[in-house]
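Colleague: Got a structure for you, start-v2.tsv, holding TSV, C-alpha atoms and all ligand atoms.
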chain	number	residue	atom	x	y	z
Y	1	MET	CA	24.74	-2.63	-12.00
Y	2	VAL	CA	21.25	-4.17	-12.08
Y	3	ASN	CA	19.30	-4.85	-8.88
Y	4	VAL	CA	17.89	-8.40	-8.73
Y	5	LEU	CA	14.69	-6.94	-7.24
Y	6	ASN	CA	13.98	-4.96	-10.40
Y	7	PHE	CA	13.58	-8.05	-12.62
Y	8	LYS	CA	10.06	-9.14	-13.52
Y	9	LYS	CA	8.85	-12.67	-14.27
Y	10	ASP	CA	11.47	-14.44	-16.49
Y	11	GLU	CA	13.68	-11.40	-17.06
Y	12	LEU	CA	16.34	-12.58	-14.60
Y	13	LYS	CA	16.65	-15.91	-16.46
Y	14	GLU	CA	17.17	-14.10	-19.74
Y	15	TYR	CA	19.68	-11.68	-18.22
Y	16	LEU	CA	21.72	-14.49	-16.66
Y	17	GLU	CA	21.70	-16.49	-19.89
Y	18	GLN	CA	22.94	-13.45	-21.82
Y	19	ASN	CA	25.80	-13.23	-19.32
Y	20	GLY	CA	26.86	-16.87	-19.68
Y	21	PHE	CA	25.00	-18.41	-16.73
Y	22	LYS	CA	22.58	-21.33	-16.81
Y	23	LYS	CA	18.93	-20.22	-16.68
Y	24	PHE	CA	18.19	-22.25	-13.54
Y	25	ARG	CA	20.50	-19.98	-11.54
Y	26	ALA	CA	17.65	-17.45	-11.63
Y	27	ASP	CA	15.35	-19.85	-9.75
Y	28	GLN	CA	18.09	-20.48	-7.19
Y	29	ILE	CA	18.72	-16.77	-6.65
Y	30	ASN	CA	14.99	-16.01	-6.39
Y	31	ASN	CA	14.60	-18.84	-3.89
Y	32	TRP	CA	17.38	-17.42	-1.70
Y	33	VAL	CA	16.03	-13.89	-1.90
Y	34	TYR	CA	12.25	-14.34	-1.68
Y	35	ASP	CA	11.96	-17.55	0.36
Y	36	LYS	CA	15.05	-17.52	2.58
Y	37	LYS	CA	15.57	-13.73	2.75
Y	38	ILE	CA	19.27	-14.03	1.94
Y	39	PHE	CA	20.52	-10.92	0.19
Y	40	ASP	CA	24.22	-11.73	-0.25
Y	41	PHE	CA	25.45	-13.95	-3.12
Y	42	ASN	CA	28.23	-15.26	-0.83
Y	43	GLU	CA	25.64	-17.02	1.33
Y	44	MET	CA	24.00	-18.78	-1.65
Y	45	THR	CA	25.75	-22.06	-1.03
Y	46	ASN	CA	24.26	-24.05	-3.91
Y	47	ILE	CA	26.05	-21.74	-6.37
Y	48	SER	CA	29.77	-22.34	-6.92
Y	49	LYS	CA	32.24	-19.87	-5.40
Y	50	LYS	CA	33.49	-18.90	-8.85
Y	51	GLU	CA	29.99	-18.13	-10.13
Y	52	ARG	CA	29.09	-16.21	-6.96
Y	53	GLU	CA	32.08	-13.95	-7.59
Y	54	GLU	CA	31.02	-13.47	-11.20
Y	55	LEU	CA	27.49	-12.56	-10.07
Y	56	TYR	CA	28.87	-9.61	-8.10
Y	57	GLY	CA	30.18	-8.27	-11.42
Y	58	ILE	CA	26.76	-8.09	-13.07
Y	59	LEU	CA	24.13	-7.90	-10.30
Y	60	ASN	CA	23.44	-6.52	-6.87
Y	61	ILE	CA	20.74	-7.14	-4.29
Y	62	SER	CA	20.19	-3.70	-2.89
Y	63	LEU	CA	17.58	-3.00	-0.21
Y	64	PRO	CA	16.83	0.09	1.86
Y	65	SER	CA	18.34	0.10	5.34
Y	66	ILE	CA	16.24	0.20	8.50
Y	67	ALA	CA	16.55	3.70	10.01
Y	68	LYS	CA	14.15	3.14	12.89
Y	69	VAL	CA	11.68	0.55	14.19
Y	70	GLN	CA	8.78	1.22	16.55
Y	71	GLN	CA	7.04	-1.72	18.18
Y	72	SER	CA	3.55	-1.34	19.65
Y	73	VAL	CA	2.21	-3.35	22.57
Y	74	ASP	CA	-0.48	-4.71	20.20
Y	75	GLY	CA	2.17	-6.28	17.92
Y	76	THR	CA	2.11	-3.57	15.26
Y	77	VAL	CA	5.60	-2.74	14.02
Y	78	LYS	CA	6.35	0.45	12.16
Y	79	PHE	CA	9.48	0.70	10.01
Y	80	LEU	CA	11.26	3.81	8.81
Y	81	LEU	CA	13.43	2.83	5.84
Y	82	LYS	CA	16.28	4.79	4.29
Y	83	LEU	CA	16.48	4.50	0.50
Y	84	ILE	CA	19.66	4.50	-1.56
Y	85	ASP	CA	19.30	8.27	-2.15
Y	86	ASP	CA	18.78	8.87	1.62
Y	87	ASN	CA	15.05	9.55	1.25
Y	88	LEU	CA	12.87	8.02	3.94
Y	89	ILE	CA	9.71	5.91	3.64
Y	90	GLU	CA	7.50	4.04	6.09
Y	91	CYS	CA	5.82	0.67	6.11
Y	92	VAL	CA	3.79	-1.01	8.84
Y	93	PHE	CA	3.36	-4.64	9.91
Y	94	MET	CA	0.03	-5.51	11.54
Y	95	SER	CA	-1.09	-8.82	12.95
Y	96	TYR	CA	-4.79	-9.76	12.83
Y	97	ASP	CA	-6.77	-12.94	13.62
Y	98	TYR	CA	-6.93	-13.63	9.88
Y	99	GLY	CA	-3.20	-13.19	9.24
Y	100	ASN	CA	-0.36	-10.73	8.83
Y	101	THR	CA	-0.78	-7.55	6.84
Y	102	ILE	CA	1.75	-5.05	5.55
Y	103	CYS	CA	0.83	-1.49	4.68
Y	104	ILE	CA	3.34	-0.21	2.15
Y	105	SER	CA	4.27	3.20	0.78
Y	106	THR	CA	4.17	3.81	-2.95
Y	107	GLN	CA	5.82	7.22	-3.23
Y	108	VAL	CA	8.31	9.36	-1.31
Y	109	GLY	CA	5.92	11.96	0.09
Y	110	CYS	CA	2.62	12.76	-1.56
Y	111	ARG	CA	1.33	15.67	-3.62
Y	112	MET	CA	-2.38	15.11	-2.98
Y	113	GLY	CA	-2.63	17.47	-0.01
Y	114	CYS	CA	-5.33	15.70	2.04
Y	115	LYS	CA	-5.72	17.95	5.06
Y	116	PHE	CA	-5.80	15.14	7.66
Y	117	CYS	CA	-2.63	13.38	6.44
Y	118	ALA	CA	0.94	13.78	7.71
Y	119	SER	CA	2.38	12.16	4.54
Y	120	THR	CA	1.68	15.21	2.44
Y	121	VAL	CA	3.11	17.86	4.77
Y	122	ASN	CA	6.50	18.02	3.00
Y	123	GLY	CA	5.09	17.44	-0.49
Y	124	PHE	CA	6.04	14.88	-3.14
Y	125	LEU	CA	9.60	13.86	-3.98
Y	126	ARG	CA	9.47	10.83	-6.29
Y	127	ASN	CA	7.82	7.53	-7.15
Y	128	LEU	CA	9.11	4.31	-5.62
Y	129	GLU	CA	10.65	1.81	-8.03
Y	130	LEU	CA	9.65	-1.85	-8.26
Y	131	CYS	CA	12.69	-2.89	-6.17
Y	132	GLU	CA	11.72	-0.44	-3.40
Y	133	LEU	CA	8.13	-1.71	-3.34
Y	134	LEU	CA	9.21	-5.37	-3.13
Y	135	ALA	CA	11.93	-4.59	-0.58
Y	136	GLN	CA	9.35	-3.39	1.96
Y	137	ILE	CA	7.86	-6.90	2.11
Y	138	LEU	CA	11.26	-8.60	2.23
Y	139	ILE	CA	12.54	-6.40	5.05
Y	140	VAL	CA	9.39	-6.83	7.13
Y	141	GLU	CA	9.22	-10.62	6.63
Y	142	LYS	CA	12.89	-10.96	7.56
Y	143	TYR	CA	12.67	-8.69	10.62
Y	144	THR	CA	9.46	-10.19	12.03
Y	145	ASN	CA	10.20	-13.73	10.82
Y	146	LYS	CA	6.55	-13.89	9.78
Y	147	LYS	CA	4.92	-14.54	6.44
Y	148	ILE	CA	2.85	-11.67	5.06
Y	149	ASN	CA	-0.63	-12.80	3.96
Y	150	ARG	CA	-2.13	-9.50	2.86
Y	151	ILE	CA	-0.89	-6.27	1.35
Y	152	VAL	CA	-2.56	-2.90	1.58
Y	153	LEU	CA	-1.25	-0.12	-0.64
Y	154	MET	CA	-2.33	2.51	1.86
Y	155	GLY	CA	0.92	4.02	3.09
Y	156	THR	CA	2.45	7.27	1.89
Y	157	GLY	CA	1.66	8.18	-1.70
Y	158	GLU	CA	-1.10	7.93	-4.27
Y	159	PRO	CA	-0.52	4.51	-5.89
Y	160	LEU	CA	-2.43	5.37	-9.05
Y	161	TYR	CA	0.10	8.15	-9.74
Y	162	ASN	CA	2.87	5.52	-9.69
Y	163	TYR	CA	0.80	3.39	-12.02
Y	164	GLU	CA	3.30	1.36	-14.05
Y	165	ASN	CA	5.45	0.36	-11.08
Y	166	ILE	CA	2.37	-0.60	-9.07
Y	167	ILE	CA	1.01	-2.78	-11.88
Y	168	SER	CA	4.44	-4.48	-12.15
Y	169	PHE	CA	4.54	-4.96	-8.38
Y	170	ILE	CA	1.10	-6.60	-8.29
Y	171	GLY	CA	2.16	-8.80	-11.23
Y	172	GLU	CA	5.05	-10.19	-9.15
Y	173	MET	CA	3.07	-11.12	-6.03
Y	174	LYS	CA	1.99	-14.62	-7.10
Y	175	ASN	CA	5.37	-15.57	-8.47
Y	176	LYS	CA	7.57	-14.18	-5.73
Y	177	PHE	CA	5.42	-14.39	-2.59
Y	178	GLY	CA	2.74	-16.94	-3.55
Y	179	MET	CA	0.07	-14.33	-2.85
Y	180	SER	CA	-3.29	-14.16	-4.60
Y	181	ASN	CA	-4.38	-10.76	-5.94
Y	182	ARG	CA	-7.52	-11.13	-3.82
Y	183	HIS	CA	-5.32	-10.46	-0.80
Y	184	ILE	CA	-4.14	-7.12	-2.17
Y	185	THR	CA	-6.01	-3.86	-1.55
Y	186	LEU	CA	-5.14	-0.64	-3.35
Y	187	SER	CA	-6.31	2.58	-1.76
Y	188	THR	CA	-6.77	5.72	-3.83
Y	189	CYS	CA	-8.00	9.20	-3.04
Y	190	GLY	CA	-10.02	8.91	-6.26
Y	191	ILE	CA	-8.05	9.47	-9.48
Y	192	VAL	CA	-11.02	8.75	-11.73
Y	193	PRO	CA	-9.33	8.05	-15.13
Y	194	LYS	CA	-6.84	5.71	-13.46
Y	195	ILE	CA	-9.65	3.75	-11.76
Y	196	TYR	CA	-11.02	3.00	-15.24
Y	197	ASP	CA	-7.52	1.92	-16.37
Y	198	LEU	CA	-7.14	-0.30	-13.32
Y	199	ALA	CA	-10.53	-1.94	-13.94
Y	200	ARG	CA	-9.38	-2.87	-17.45
Y	201	GLU	CA	-6.19	-4.55	-16.13
Y	202	ASN	CA	-8.39	-7.39	-14.83
Y	203	LEU	CA	-6.27	-7.93	-11.73
Y	204	SER	CA	-9.01	-8.86	-9.23
Y	205	ILE	CA	-7.50	-6.71	-6.51
Y	206	ASN	CA	-9.67	-4.96	-3.92
Y	207	LEU	CA	-10.19	-1.25	-4.36
Y	208	ALA	CA	-10.52	1.11	-1.39
Y	209	ILE	CA	-11.61	4.67	-2.00
Y	210	SER	CA	-10.54	7.35	0.48
Y	211	LEU	CA	-13.93	9.02	0.47
Y	212	HIS	CA	-14.10	10.79	3.86
Y	213	ALA	CA	-16.94	13.14	2.85
Y	214	VAL	CA	-20.31	12.59	1.20
Y	215	ASN	CA	-20.66	15.63	-1.05
Y	216	ASP	CA	-18.31	17.78	-3.12
Y	217	GLU	CA	-18.64	20.84	-0.92
Y	218	LYS	CA	-17.45	19.01	2.20
Y	219	ARG	CA	-14.88	16.92	0.36
Y	220	LYS	CA	-13.20	20.01	-1.12
Y	221	LYS	CA	-12.56	21.26	2.40
Y	222	ILE	CA	-10.40	18.26	3.29
Y	223	MET	CA	-9.29	16.71	-0.03
Y	224	PRO	CA	-8.03	18.92	-2.89
Y	225	VAL	CA	-8.56	16.02	-5.34
Y	226	ALA	CA	-12.29	16.84	-5.06
Y	227	TYR	CA	-11.64	19.95	-7.21
Y	228	SER	CA	-10.54	17.65	-10.05
Y	229	TYR	CA	-13.12	14.86	-9.78
Y	230	SER	CA	-16.64	15.11	-8.41
Y	231	ILE	CA	-18.16	12.44	-6.18
Y	232	SER	CA	-20.61	11.64	-8.95
Y	233	GLU	CA	-17.72	10.92	-11.38
Y	234	LEU	CA	-16.00	8.89	-8.67
Y	235	ILE	CA	-19.09	6.76	-8.03
Y	236	ASP	CA	-19.46	6.07	-11.78
Y	237	ALA	CA	-15.83	4.88	-11.86
Y	238	CYS	CA	-16.48	2.64	-8.82
Y	239	ILE	CA	-19.51	1.09	-10.51
Y	240	TYR	CA	-17.38	0.42	-13.61
Y	241	TYR	CA	-14.65	-1.16	-11.46
Y	242	PHE	CA	-17.13	-3.43	-9.68
Y	243	GLU	CA	-18.84	-4.48	-12.91
Y	244	ASN	CA	-15.51	-5.31	-14.58
Y	245	THR	CA	-13.76	-7.06	-11.71
Y	246	LYS	CA	-16.61	-8.27	-9.46
Y	247	ARG	CA	-14.44	-7.10	-6.56
Y	248	ARG	CA	-16.28	-5.23	-3.85
Y	249	ILE	CA	-15.39	-1.58	-3.32
Y	250	SER	CA	-14.81	-0.19	0.14
Y	251	PHE	CA	-15.18	3.44	1.14
Y	252	GLU	CA	-12.62	4.54	3.70
Y	253	TYR	CA	-14.33	7.05	5.96
Y	254	LEU	CA	-12.32	8.93	8.55
Y	255	LEU	CA	-14.94	9.97	11.09
Y	256	ILE	CA	-14.04	13.51	12.12
Y	257	ASP	CA	-15.71	15.30	15.00
Y	258	GLY	CA	-18.20	17.89	13.71
Y	259	MET	CA	-17.04	17.52	10.09
Y	260	ASN	CA	-18.64	14.44	8.56
Y	261	ASP	CA	-20.37	12.59	11.41
Y	262	GLY	CA	-23.92	14.02	11.31
Y	263	ASP	CA	-27.28	12.42	10.46
Y	264	ASP	CA	-27.26	14.04	7.00
Y	265	ASP	CA	-23.85	12.51	6.36
Y	266	VAL	CA	-25.17	9.04	7.17
Y	267	LYS	CA	-28.10	9.54	4.81
Y	268	GLU	CA	-25.93	10.67	1.88
Y	269	LEU	CA	-23.36	7.96	2.57
Y	270	VAL	CA	-26.06	5.28	2.48
Y	271	ASP	CA	-27.14	6.52	-0.98
Y	272	LEU	CA	-23.55	6.47	-2.29
Y	273	CYS	CA	-22.95	2.96	-0.94
Y	274	LYS	CA	-26.13	1.65	-2.54
Y	275	ARG	CA	-25.14	3.14	-5.90
Y	276	ALA	CA	-21.60	1.74	-5.82
Y	277	LYS	CA	-22.45	-1.49	-3.94
Y	278	ALA	CA	-19.73	-0.47	-1.52
Y	279	HIS	CA	-19.16	-1.21	2.12
Y	280	VAL	CA	-17.80	1.33	4.58
Y	281	ASN	CA	-14.68	1.11	6.66
Y	282	ILE	CA	-15.07	3.71	9.41
Y	283	ILE	CA	-11.67	4.94	10.58
Y	284	PRO	CA	-11.22	6.57	13.97
Y	285	VAL	CA	-9.04	9.69	13.71
Y	286	ASN	CA	-5.42	9.23	14.71
Y	287	GLU	CA	-4.94	12.66	16.24
Y	288	ILE	CA	-1.73	14.42	15.17
Y	289	LYS	CA	-0.44	17.84	16.16
Y	290	GLU	CA	-0.13	19.01	12.52
Y	291	ASN	CA	-3.93	19.47	12.28
Y	292	ASP	CA	-7.06	20.08	14.36
Y	293	PHE	CA	-9.06	17.01	13.33
Y	294	ARG	CA	-10.37	15.20	16.37
Y	295	GLU	CA	-11.96	11.81	16.86
Y	296	SER	CA	-15.77	11.77	16.58
Y	297	LYS	CA	-17.71	10.83	19.70
Y	298	LYS	CA	-20.50	9.42	17.51
Y	299	ILE	CA	-18.59	6.52	16.03
Y	300	ASN	CA	-20.84	3.76	17.38
Y	301	LYS	CA	-24.04	5.61	16.44
Y	302	PHE	CA	-22.71	6.31	12.93
Y	303	TYR	CA	-21.81	2.65	12.54
Y	304	GLY	CA	-25.20	1.51	13.88
Y	305	ASP	CA	-27.08	3.87	11.55
Y	306	LEU	CA	-25.26	2.46	8.52
Y	307	LEU	CA	-26.11	-1.10	9.56
Y	308	LYS	CA	-29.77	-0.14	10.16
Y	309	ASN	CA	-29.88	1.14	6.59
Y	310	GLY	CA	-28.59	-2.15	5.22
Y	311	ILE	CA	-25.01	-1.00	4.60
Y	312	ASN	CA	-22.17	-3.35	5.34
Y	313	ALA	CA	-19.79	-1.47	7.63
Y	314	THR	CA	-16.83	-2.05	9.90
Y	315	ILE	CA	-14.93	0.11	12.35
Y	316	ARG	CA	-11.22	-0.18	11.70
Y	317	GLN	CA	-9.38	-1.59	14.68
Y	318	LYS	CA	-6.98	1.00	16.05
Y	319	LYS	CA	-3.46	-0.30	15.69
Y	320	GLY	CA	-0.24	1.01	17.16
Y	321	VAL	CA	-1.79	3.86	19.17
Y	322	ASP	CA	1.30	3.97	21.40
Y	323	ILE	CA	3.63	4.58	18.42
Y	324	ASP	CA	3.55	7.14	15.57
Y	325	ALA	CA	1.11	4.93	13.66
Y	326	ALA	CA	-0.74	7.51	11.56
Y	327	CYS	CA	0.34	7.52	7.92
Y	328	GLY	CA	3.50	9.61	7.46
Y	329	GLN	CA	3.84	10.53	11.12
Y	330	LEU	CA	7.07	8.65	11.86
Y	331	ARG	CA	8.79	9.95	8.72
Y	332	LEU	CA	7.73	13.49	9.56
Y	333	SER	CA	8.95	13.34	13.15
Y	334	TYR	CA	12.28	11.80	12.05
Y	335	SER	CA	12.96	14.44	9.39
Y	336	LYS	CA	12.31	17.41	11.72
T	1	LIG	S1	-4.24	10.34	2.37
T	1	LIG	FE1	-3.08	9.26	0.78
T	1	LIG	S2	-3.46	10.51	-1.07
T	1	LIG	FE2	-4.04	11.80	0.68
T	1	LIG	S3	-2.18	13.00	1.13
T	1	LIG	FE3	-2.14	11.14	2.44
T	1	LIG	S4	-0.92	9.67	1.29
T	1	LIG	FE4	-1.56	11.26	-0.14
Here is a file; write its structure as structure tokens.
Ligand code: SF4
Modeller:
Amino acid sequence: MVNVLNFKKDELKEYLEQNGFKKFRADQINNWVYDKKIFDFNEMTNISKKEREELYGILNISLPSIAKVQQSVDGTVKFLLKLIDDNLIECVFMSYDYGNTICISTQVGCRMGCKFCASTVNGFLRNLELCELLAQILIVEKYTNKKINRIVLMGTGEPLYNYENIISFIGEMKNKFGMSNRHITLSTCGIVPKIYDLARENLSINLAISLHAVNDEKRKKIMPVAYSYSISELIDACIYYFENTKRRISFEYLLIDGMNDGDDDVKELVDLCKRAKAHVNIIPVNEIKENDFRESKKINKFYGDLLKNGINATIRQKKGVDIDAACGQLRLSYSK
């Protein structure tokens, strides 16, 4: 049985036509699913009863179930979703002045081993399929009754290691959710060859690099990916991405007490930003018991020093501090 959510572009039309339905039924079904958030053919009242019964014979609309929801006082909502094979993933709804954002997961677990991240503690299990990526938006829009305006691919997983499904997912955003690619941000820990591939896709999405350290020696201590790709190679890939897409790069920088928050770090970070024409998103540490990383006391000074050196920087607003809001934390606590 084929899941409606796995069809791309006009594939559903073709599939329905091959099975004896009129092509326009595809538009009706997509309208029910993506606009009205109706996931049962029986409720699609502009399709005859006979045809609705026939649809059950060739299609399903299968979404993960909601295993747990945590609601923060600041409006952030964290979802733990159970997939068809009982694996668990997280996604997070955040409300900002400029609109509603969803942070989605791209894999079940993660193999990248970043030392500060709860998502990697139990390793990697599998990639998420197109239907599971799209379902995160549908579930969150239905639950919150709010339209999502921005997507950040920053949840559990390394999106560039689920490359084909992610490219398909981005390709469906305009069609299915009316969203411009400029409102999509993909975050990677720095898979250099895939950044070149992504640049050549010409998608105009924003690229965020999980940098977190300014030289290879320091980066290797917290991010094993640094053994595969040097910062110099990463910066070259960023320059290529910017030149090909004209989309600004951002460096995600988790400011860790005593690890990467010194004056020398600022100096080296300024140089990297100037080379890559990047801006910096300083992230306060979300302290978790699985590691010893603590929030830096120098966050305002670090931010001020970047600005003084002409670097565009922001401090990420802390969201959902009263719930398990750090990436992978809810899934980890649920599976213990
Ligand atoms: S930070 Fe991202 S890439 Fe690194 S382990 Fe966590 S989910 Fe994986």
Colleague: Please give me, as an MDAnalysis selection string, the residues lying within 9 Å of ligand LIG 1 (chain T) when counting all atoms listed in the file.
Modeller: chainID Y and resid 105:107 109:121 123:124 154:159 187:190 210 223:225 327:328
Colleague: For range 124-235 of chain Y against range 268-277 of chain Y, with a cut-off of 12 Å and counting only C-alpha atoms, what is the closest atom pair and its distance in Å to one decimal for every residue that makes the cut, ordered by chain and number, as JSON lines?
Modeller:
{"residue": "Y:Leu207", "atom": "CA", "partner": "Y:Ala276", "partner_atom": "CA", "distance": 11.9}
{"residue": "Y:Ala208", "atom": "CA", "partner": "Y:Ala276", "partner_atom": "CA", "distance": 11.9}
{"residue": "Y:Ile209", "atom": "CA", "partner": "Y:Ala276", "partner_atom": "CA", "distance": 11.1}
{"residue": "Y:Leu211", "atom": "CA", "partner": "Y:Leu269", "partner_atom": "CA", "distance": 9.7}
{"residue": "Y:His212", "atom": "CA", "partner": "Y:Leu269", "partner_atom": "CA", "distance": 9.8}
{"residue": "Y:Ala213", "atom": "CA", "partner": "Y:Leu269", "partner_atom": "CA", "distance": 8.3}
{"residue": "Y:Val214", "atom": "CA", "partner": "Y:Leu269", "partner_atom": "CA", "distance": 5.7}
{"residue": "Y:Asn215", "atom": "CA", "partner": "Y:Glu268", "partner_atom": "CA", "distance": 7.8}
{"residue": "Y:Asp216", "atom": "CA", "partner": "Y:Glu268", "partner_atom": "CA", "distance": 11.6}
{"residue": "Y:Lys218", "atom": "CA", "partner": "Y:Glu268", "partner_atom": "CA", "distance": 11.9}
{"residue": "Y:Ile231", "atom": "CA", "partner": "Y:Leu272", "partner_atom": "CA", "distance": 8.9}
{"residue": "Y:Ser232", "atom": "CA", "partner": "Y:Leu272", "partner_atom": "CA", "distance": 8.9}
{"residue": "Y:Glu233", "atom": "CA", "partner": "Y:Ala276", "partner_atom": "CA", "distance": 11.4}
{"residue": "Y:Leu234", "atom": "CA", "partner": "Y:Ala276", "partner_atom": "CA", "distance": 9.5}
{"residue": "Y:Ile235", "atom": "CA", "partner": "Y:Ala276", "partner_atom": "CA", "distance": 6.0}
Colleague: Point out the residue among Y:Tyr98, Y:Tyr163, Y:Phe169, Y:Phe41 with the least atom-to-atom distance to Asn149 in chain Y, counting only C-alpha atoms.
Modeller: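 Counting only C-alpha atoms, the residue closest to Asn149 in chain Y is Y:Tyr98.
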Colleague: Between Y:Lys267, Y:Tyr96, Y:Leu130, Y:Tyr143, which is the closest to Arg316 in chain Y once you count only C-alpha atoms?
Modeller: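 Closest candidate: Y:Tyr96.
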Colleague: Excluding same-chain residues fewer than 2 positions from range 286-301 of chain Y, what lies within 12 Å of it counting only C-alpha atoms, as a PyMOL selection string?
Modeller: chain Y and resi 114-122+222+253-263+266+281-284+303-308+313-330+332-333
Colleague: Please produce a file of those selected residues containing C-alpha atoms, as a CSV table (one decimal), keeping the file's coordinate frame.
Modeller:
chain,number,residue,atom,x,y,z
Y,114,CYS,CA,-5.3,15.7,2.0
Y,115,LYS,CA,-5.7,18.0,5.1
Y,116,PHE,CA,-5.8,15.1,7.7
Y,117,CYS,CA,-2.6,13.4,6.4
Y,118,ALA,CA,0.9,13.8,7.7
Y,119,SER,CA,2.4,12.2,4.5
Y,120,THR,CA,1.7,15.2,2.4
Y,121,VAL,CA,3.1,17.9,4.8
Y,122,ASN,CA,6.5,18.0,3.0
Y,222,ILE,CA,-10.4,18.3,3.3
Y,253,TYR,CA,-14.3,7.0,6.0
Y,254,LEU,CA,-12.3,8.9,8.6
Y,255,LEU,CA,-14.9,10.0,11.1
Y,256,ILE,CA,-14.0,13.5,12.1
Y,257,ASP,CA,-15.7,15.3,15.0
Y,258,GLY,CA,-18.2,17.9,13.7
Y,259,MET,CA,-17.0,17.5,10.1
Y,260,ASN,CA,-18.6,14.4,8.6
Y,261,ASP,CA,-20.4,12.6,11.4
Y,262,GLY,CA,-23.9,14.0,11.3
Y,263,ASP,CA,-27.3,12.4,10.5
Y,266,VAL,CA,-25.2,9.0,7.2
Y,281,ASN,CA,-14.7,1.1,6.7
Y,282,ILE,CA,-15.1,3.7,9.4
Y,283,ILE,CA,-11.7,4.9,10.6
Y,284,PRO,CA,-11.2,6.6,14.0
Y,303,TYR,CA,-21.8,2.6,12.5
Y,304,GLY,CA,-25.2,1.5,13.9
Y,305,ASP,CA,-27.1,3.9,11.6
Y,306,LEU,CA,-25.3,2.5,8.5
Y,307,LEU,CA,-26.1,-1.1,9.6
Y,308,LYS,CA,-29.8,-0.1,10.2
Y,313,ALA,CA,-19.8,-1.5,7.6
Y,314,THR,CA,-16.8,-2.0,9.9
Y,315,ILE,CA,-14.9,0.1,12.4
Y,316,ARG,CA,-11.2,-0.2,11.7
Y,317,GLN,CA,-9.4,-1.6,14.7
Y,318,LYS,CA,-7.0,1.0,16.0
Y,319,LYS,CA,-3.5,-0.3,15.7
Y,320,GLY,CA,-0.2,1.0,17.2
Y,321,VAL,CA,-1.8,3.9,19.2
Y,322,ASP,CA,1.3,4.0,21.4
Y,323,ILE,CA,3.6,4.6,18.4
Y,324,ASP,CA,3.6,7.1,15.6
Y,325,ALA,CA,1.1,4.9,13.7
Y,326,ALA,CA,-0.7,7.5,11.6
Y,327,CYS,CA,0.3,7.5,7.9
Y,328,GLY,CA,3.5,9.6,7.5
Y,329,GLN,CA,3.8,10.5,11.1
Y,330,LEU,CA,7.1,8.6,11.9
Y,332,LEU,CA,7.7,13.5,9.6
Y,333,SER,CA,9.0,13.3,13.2
Colleague: Which residue, Y:Ile89, Y:Leu134, Y:Ile191, Y:Ile58, has the smallest gap to Leu16 in chain Y when you use all atoms listed in the file?
Modeller: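 Smallest separation from Leu16 in chain Y among the options: Y:Ile58.
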Colleague: What does the distance from CA of Ser230 in chain Y to CA of Glu217 in chain Y come to in Å, to one decimal?
Modeller: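 For CA of Ser230 in chain Y relative to CA of Glu217 in chain Y, the distance reads 9.6 Å.
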Colleague: Compare Y:Asp74, Y:Asp40, Y:Glu252, Y:Glu164 by their minimum atom-to-atom distance to Glu201 in chain Y, counting all atoms listed in the file, and give me the closest one.
Modeller: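 Checking each candidate against Glu201 in chain Y, we get Y:Glu164 as the closest.
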Colleague: Give me the residues within 7 Å of Ile66 in chain Y as a PyMOL selection string, counting all atoms listed in the file and dropping any in the same chain fewer than 5 places off.
Modeller: chain Y and resi 79-82
Colleague: Which of these residues is nearest to Tyr161 in chain Y, using all atoms listed in the file: Y:Gln136, Y:Asn127, Y:Thr144, Y:Thr76?
Modeller: Y:Asn127
Colleague: Take every atom of range 27-46 of chain Y listed in the file, pad by 6 Å on each side, and give me the axis-aligned box centre and edge lengths in Å, one decimal, as AutoDock Vina command-line options.
Modeller:
--center_x 20.1 --center_y -17.5 --center_z -3.5 --size_x 28.3 --size_y 25.1 --size_z 24.5
Colleague: Of the candidates Y:Asp27, Y:Asp265, Y:Asp35, Y:Asp97, which one gets nearest to Leu138 in chain Y if we count all atoms listed in the file?
Modeller: Y:Asp35
Colleague: Leaving out Tyr34 in chain Y and any residue of its chain fewer than 2 positions from it, which residues lie within 12 Å of it when counting all atoms listed in the file, given as a PyMOL selection string?
Modeller: chain Y and resi 4-5+26-32+36-39+61+134-142+147-148+172-178
Colleague: Give me, please, the distance in Å between CA of Lys146 in chain Y and CA of Asn60 in chain Y, quoted to one decimal.
Modeller: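 CA of Asn60 in chain Y lies 24.8 Å from CA of Lys146 in chain Y.
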Colleague: How many Å lie between CA of Ser168 in chain Y and CA of Val2 in chain Y, rounded to one decimal?
Modeller: 16.8 Å
Colleague: Tell me which residues come within 6 Å of (12.8, 2.7, -0.3), as an MDAnalysis selection string, counting all atoms listed in the file in the file's coordinates.
Modeller: chainID Y and resid 64 83 89 132
Colleague: At a cut-off of 12 Å, using all atoms listed in the file, what residues contact Tyr15 in chain Y? Leave out same-chain residues fewer than 6 positions from it and give the result as a count of residues only.
Modeller: 16
